[in-house]
$ cat entry.csv   # CSV, C-alpha atoms
chain,number,residue,atom,x,y,z
A,27,MET,CA,0.8,-45.6,3.9
A,28,MET,CA,4.7,-45.2,4.0
A,29,ASN,CA,6.7,-46.0,1.0
A,30,VAL,CA,10.1,-47.7,1.2
A,31,SER,CA,12.2,-44.5,1.0
A,32,GLN,CA,10.3,-42.9,3.9
A,33,THR,CA,10.8,-46.1,6.0
A,34,MET,CA,14.5,-46.0,5.3
A,35,GLU,CA,14.8,-42.3,6.1
A,36,THR,CA,13.1,-43.0,9.5
A,37,GLU,CA,15.5,-45.9,10.2
A,38,GLU,CA,18.5,-43.6,9.2
A,39,ASP,CA,17.5,-41.1,11.8
A,40,LEU,CA,17.4,-43.7,14.5
A,41,LEU,CA,20.9,-45.3,14.0
A,42,THR,CA,22.9,-46.1,17.1
A,43,ARG,CA,25.9,-43.7,17.1
A,44,LEU,CA,29.4,-44.1,18.4
A,45,HIS,CA,30.8,-40.6,19.1
A,46,VAL,CA,34.6,-41.1,19.2
A,47,GLN,CA,36.6,-38.2,20.7
A,48,LEU,CA,40.4,-38.5,20.0
A,49,TYR,CA,43.4,-36.9,21.6
A,50,HIS,CA,47.2,-37.3,21.2
A,51,PRO,CA,49.8,-34.9,22.6
A,52,GLN,CA,51.5,-34.3,19.2
A,53,GLN,CA,48.3,-34.1,17.2
A,54,SER,CA,48.8,-30.4,16.2
A,55,CYS,CA,52.3,-31.0,14.6
A,56,LYS,CA,51.7,-34.4,13.1
A,57,GLY,CA,48.9,-35.4,10.7
A,58,LEU,CA,47.9,-38.4,12.9
A,59,PHE,CA,44.2,-38.1,12.2
A,60,GLU,CA,44.3,-36.9,8.6
A,61,LEU,CA,42.9,-40.3,7.2
A,62,LEU,CA,39.8,-40.2,9.6
A,63,PRO,CA,36.5,-38.8,8.4
A,64,LEU,CA,36.5,-36.0,11.1
A,65,GLY,CA,33.3,-34.2,11.5
A,66,ASN,CA,31.4,-36.6,9.2
A,67,LYS,CA,29.1,-39.4,10.3
A,68,SER,CA,29.9,-42.7,8.6
A,69,LYS,CA,27.5,-45.6,8.4
A,70,HIS,CA,28.6,-49.1,9.0
A,71,SER,CA,27.1,-52.6,8.8
A,72,ALA,CA,26.6,-54.1,12.3
A,73,ASP,CA,27.9,-57.5,11.1
A,74,GLU,CA,31.4,-56.3,10.3
A,75,PRO,CA,33.9,-55.3,13.0
A,76,LEU,CA,35.4,-51.8,12.8
A,77,ARG,CA,39.2,-52.0,12.9
A,78,LEU,CA,41.5,-49.1,13.8
A,79,GLY,CA,45.3,-49.2,13.2
A,80,ARG,CA,47.9,-47.8,10.8
A,81,ASP,CA,47.1,-50.3,8.0
A,82,ALA,CA,44.7,-48.3,5.8
A,83,GLN,CA,43.9,-51.4,3.7
A,84,GLY,CA,43.2,-53.8,6.6
A,85,CYS,CA,41.5,-51.3,8.9
A,86,THR,CA,38.2,-49.4,8.6
A,87,PHE,CA,39.9,-46.4,10.0
A,88,ALA,CA,43.7,-45.6,9.9
A,89,LEU,CA,46.0,-43.5,12.0
A,90,VAL,CA,49.1,-42.0,10.4
A,91,ASP,CA,51.6,-43.1,13.1
A,92,ALA,CA,54.4,-45.7,12.8
A,93,ARG,CA,54.1,-46.5,16.5
A,94,VAL,CA,50.5,-47.7,16.1
A,95,SER,CA,50.1,-51.4,15.3
A,96,ARG,CA,49.0,-52.4,11.8
A,97,LYS,CA,45.7,-53.5,13.5
A,98,GLN,CA,45.4,-51.8,16.9
A,99,LEU,CA,41.8,-52.5,18.0
A,100,ALA,CA,38.4,-53.7,16.8
A,101,LEU,CA,34.9,-52.7,17.8
A,102,HIS,CA,32.3,-55.4,17.4
A,103,ALA,CA,28.5,-54.7,17.4
A,104,TYR,CA,26.2,-57.2,19.0
A,105,ARG,CA,22.8,-57.6,20.5
A,106,THR,CA,21.4,-59.7,23.4
A,107,PRO,CA,18.0,-61.4,23.8
A,108,GLU,CA,17.4,-59.1,26.9
A,109,SER,CA,17.9,-55.8,25.1
A,110,PRO,CA,16.8,-54.2,21.8
A,111,ASP,CA,19.9,-52.0,21.9
A,112,LEU,CA,22.9,-52.4,19.6
A,113,LEU,CA,25.8,-52.9,22.0
A,114,PHE,CA,29.6,-53.0,21.4
A,115,ALA,CA,32.6,-54.9,22.5
A,116,ILE,CA,36.2,-53.8,22.1
A,117,GLN,CA,39.1,-56.1,21.3
A,118,ASN,CA,42.9,-55.5,21.5
A,119,LEU,CA,44.4,-56.6,18.1
A,120,SER,CA,48.0,-55.4,19.0
A,121,GLN,CA,50.5,-58.1,20.1
A,122,ARG,CA,53.0,-55.4,21.3
A,123,GLY,CA,50.8,-52.7,22.7
A,124,ARG,CA,48.6,-52.5,25.8
A,125,LEU,CA,45.1,-51.3,25.5
A,126,SER,CA,43.1,-50.1,28.5
A,127,VAL,CA,39.4,-49.4,28.8
A,128,ASN,CA,38.5,-47.2,31.7
A,129,SER,CA,40.7,-48.9,34.3
A,130,SER,CA,40.9,-52.4,32.8
A,131,ALA,CA,43.8,-53.6,30.7
A,132,LEU,CA,43.3,-55.9,27.7
A,133,GLY,CA,46.0,-58.2,26.4
A,134,PHE,CA,46.3,-59.4,22.8
A,135,LEU,CA,43.0,-60.7,21.4
A,136,GLU,CA,41.2,-60.0,24.7
A,137,ARG,CA,37.8,-58.3,24.5
A,138,MET,CA,35.3,-56.7,26.8
A,139,ASP,CA,32.0,-55.0,26.6
A,140,LEU,CA,32.1,-51.3,26.1
A,141,PRO,CA,30.1,-49.3,28.6
A,142,ASP,CA,28.0,-46.4,27.2
A,143,LYS,CA,31.0,-44.1,27.9
A,144,ALA,CA,34.4,-45.6,27.7
A,145,LEU,CA,37.9,-44.1,27.9
A,146,VAL,CA,40.2,-46.2,25.7
A,147,ARG,CA,44.0,-45.7,25.8
A,148,PHE,CA,46.9,-47.1,23.8
A,149,GLY,CA,50.3,-45.6,23.5
A,150,GLU,CA,49.8,-41.8,23.9
A,151,TYR,CA,46.3,-41.9,22.4
A,152,GLU,CA,43.1,-41.4,24.3
A,153,MET,CA,39.7,-42.1,22.8
A,154,LEU,CA,36.5,-41.3,24.6
A,155,ILE,CA,33.8,-43.5,23.0
A,156,ILE,CA,30.2,-42.5,23.8
A,157,ARG,CA,27.3,-44.8,22.6
A,158,GLU,CA,24.0,-43.1,21.7
A,159,SER,CA,21.2,-45.6,21.4
A,160,GLY,CA,19.1,-46.0,18.2
A,161,GLU,CA,16.5,-48.4,16.9
A,162,ALA,CA,18.2,-49.7,13.7
A,163,LYS,CA,19.4,-53.2,14.1
A,164,GLY,CA,21.5,-53.8,11.0
A,165,SER,CA,23.8,-50.7,11.0
A,166,PHE,CA,25.2,-47.9,13.1
A,167,GLU,CA,27.1,-44.7,12.5
A,168,VAL,CA,30.5,-43.4,13.8
A,169,GLU,CA,31.5,-39.8,14.2
A,170,PHE,CA,35.1,-38.7,15.0
A,171,GLU,CA,36.1,-35.5,16.7
A,172,VAL,CA,39.6,-34.3,17.8
A,173,LEU,CA,39.8,-32.8,21.3
A,174,ALA,CA,42.2,-30.1,22.4
A,175,VAL,CA,42.7,-31.6,25.9
A,176,PRO,CA,42.9,-35.2,27.0
A,177,PRO,CA,39.5,-36.7,27.7
A,178,SER,CA,40.9,-38.3,30.8
A,179,ARG,CA,40.9,-34.8,32.4
A,180,GLU,CA,37.2,-34.4,31.7
A,181,THR,CA,36.3,-37.8,32.9
A,182,CYS,CA,38.3,-37.7,36.1
A,183,MET,CA,40.5,-40.6,34.9
A,184,TYR,CA,43.6,-38.6,34.7
A,185,VAL,CA,46.8,-40.0,36.2
A,186,PRO,CA,45.8,-40.2,39.9
A,187,SER,CA,47.5,-37.8,42.2
A,188,MET,CA,48.2,-38.7,45.8
A,189,SER,CA,48.3,-35.0,46.8
A,190,PRO,CA,45.3,-33.8,48.9
A,191,VAL,CA,42.7,-31.9,47.0
A,192,MET,CA,42.2,-28.4,48.5
A,193,GLU,CA,38.9,-26.7,48.8
A,194,THR,CA,39.5,-25.1,45.4
A,195,GLY,CA,39.2,-28.6,43.9
A,196,CYS,CA,42.7,-28.6,42.6
A,197,SER,CA,45.7,-30.7,43.8
A,198,ARG,CA,49.0,-29.0,44.3
A,199,VAL,CA,51.0,-29.0,41.0
A,200,ILE,CA,54.6,-27.5,40.9
A,201,ASN,CA,56.5,-27.3,37.7
A,202,GLY,CA,53.8,-29.3,35.9
A,203,LEU,CA,54.2,-32.2,38.3
A,204,PRO,CA,52.0,-33.2,41.2
A,205,GLY,CA,53.6,-32.5,44.6
A,206,GLU,CA,54.5,-36.1,45.4
A,207,LEU,CA,56.2,-36.6,42.1
A,208,ARG,CA,58.3,-33.5,42.5
A,209,VAL,CA,59.4,-34.6,45.9
A,210,GLY,CA,60.5,-37.9,44.5
A,211,LEU,CA,62.3,-36.4,41.5
A,212,LEU,CA,63.7,-33.2,42.8
A,213,GLY,CA,64.0,-33.7,46.6
A,214,PRO,CA,61.9,-32.1,49.4
A,215,LEU,CA,60.1,-28.9,48.8
A,216,GLU,CA,61.7,-27.1,51.8
A,217,THR,CA,65.3,-27.1,52.9
A,218,ASP,CA,66.7,-27.6,56.3
A,219,GLU,CA,67.9,-24.1,57.4
A,220,THR,CA,70.5,-25.5,59.9
A,221,LEU,CA,72.3,-27.2,57.0
A,222,MET,CA,72.4,-23.9,55.0
A,223,PHE,CA,74.0,-21.9,57.9
A,224,ASN,CA,76.4,-24.5,59.1
A,225,SER,CA,78.1,-25.2,55.8
$ encode --input "entry.csv" --output "structure tokens"
Amino acid sequence: MMNVSQTMETEEDLLTRLHVQLYHPQQSCKGLFELLPLGNKSKHSADEPLRLGRDAQGCTFALVDARVSRKQLALHAYRTPESPDLLFAIQNLSQRGRLSVNSSALGFLERMDLPDKALVRFGEYEMLIIRESGEAKGSFEVEFEVLAVPPSRETCMYVPSMSPVMETGCSRVINGLPGELRVGLLGPLETDETLMFNS
């Protein structure tokens, strides 16, 4: 016969987990993520939304960045009659900032269901949110990790390039810009030799 503490330990082991991988281009020189519990799992009640923004009092998790809205986004846990899994929806709480989930843009107060793997972007931030199923119904855990490279590169959702992809699997990049951007910004890649000799 199990006692109460054993039952709770079993449920603890089976919590649904949101693994949140973060990236910002200036993360190494600014303490953007210093208020987040990096590397630690934090447990949360499923009936309370998780809020992320710069307001440390009004949000569950805060970013140290004046360009982030006081309340940027919220994650809501929910269940459906068809599934035993704890699922999540994301809501844009920022009136001035756009939020995109994979390739869908969300306006102020709009919300959508999060797939099991979602790339969330706002400002220069990228968050890859991965849901790992568990059996507990009343709570879940969140774990934050900072990535060295943008998760959009890993998930093939990087800024799309119109350059053909060669057999090496890489598109042509010159001076850090895809070929078609360089042409538009810096002129054609080759010069017309007749112009050079006749001038």
$ atom_distance --input "entry.csv" --atom1 "CA of Val146 in chain A" --atom2 "CA of Glu167 in chain A"
18.7 Å
$ closest_residue --input "entry.csv" --among "A:Ala72, A:Leu173, A:Leu58, A:Met153" --to "Arg43 in chain A" --atoms "all atoms listed in the file"
A:Ala72
$ atom_distance --input "entry.csv" --atom1 "CA of Gln98 in chain A" --atom2 "CA of Lys67 in chain A"
21.5 Å
$ residues_around --input "entry.csv" --residues "Ile156 in chain A" --least-positions-apart "2" --cutoff "10 Å" --atoms "only C-alpha atoms" --output "ChimeraX atom specification"
/A:43-47,140-145,153-154,158-159
$ closest_residue --input "entry.csv" --among "A:Glu161, A:Glu171, A:Glu136, A:Asp91" --to "Leu113 in chain A" --atoms "all atoms listed in the file"
A:Glu161
$ atom_distance --input "entry.csv" --atom1 "CA of Thr42 in chain A" --atom2 "CA of His102 in chain A"
13.2 Å
$ closest_residue --input "entry.csv" --among "A:Ala174, A:Leu48, A:Leu61, A:Val168" --to "Leu76 in chain A" --atoms "all atoms listed in the file"
A:Val168
$ residues_around --input "entry.csv" --residues "Leu135 in chain A" --least-positions-apart "3" --cutoff "10 Å" --atoms "all atoms listed in the file" --output "CSV table (one decimal) with C-alpha atoms, in the coordinates of the input"
chain,number,residue,atom,x,y,z
A,99,LEU,CA,41.8,-52.5,18.0
A,100,ALA,CA,38.4,-53.7,16.8
A,116,ILE,CA,36.2,-53.8,22.1
A,117,GLN,CA,39.1,-56.1,21.3
A,118,ASN,CA,42.9,-55.5,21.5
A,119,LEU,CA,44.4,-56.6,18.1
A,120,SER,CA,48.0,-55.4,19.0
A,121,GLN,CA,50.5,-58.1,20.1
A,132,LEU,CA,43.3,-55.9,27.7
$ residues_around --input "entry.csv" --residues "range 95-97 of chain A" --least-positions-apart "6" --cutoff "7 Å" --atoms "all atoms listed in the file" --output "PyMOL selection string"
chain A and resi 77-81+85+119-120
$ closest_residue --input "entry.csv" --among "A:Tyr151, A:Phe87, A:Tyr104, A:Phe114" --to "Ser178 in chain A" --atoms "all atoms listed in the file"
A:Tyr151
$ closest_residue --input "entry.csv" --among "A:Ile155, A:Ala162, A:Ala131, A:Ala92" --to "Ser71 in chain A" --atoms "only C-alpha atoms"
A:Ala162
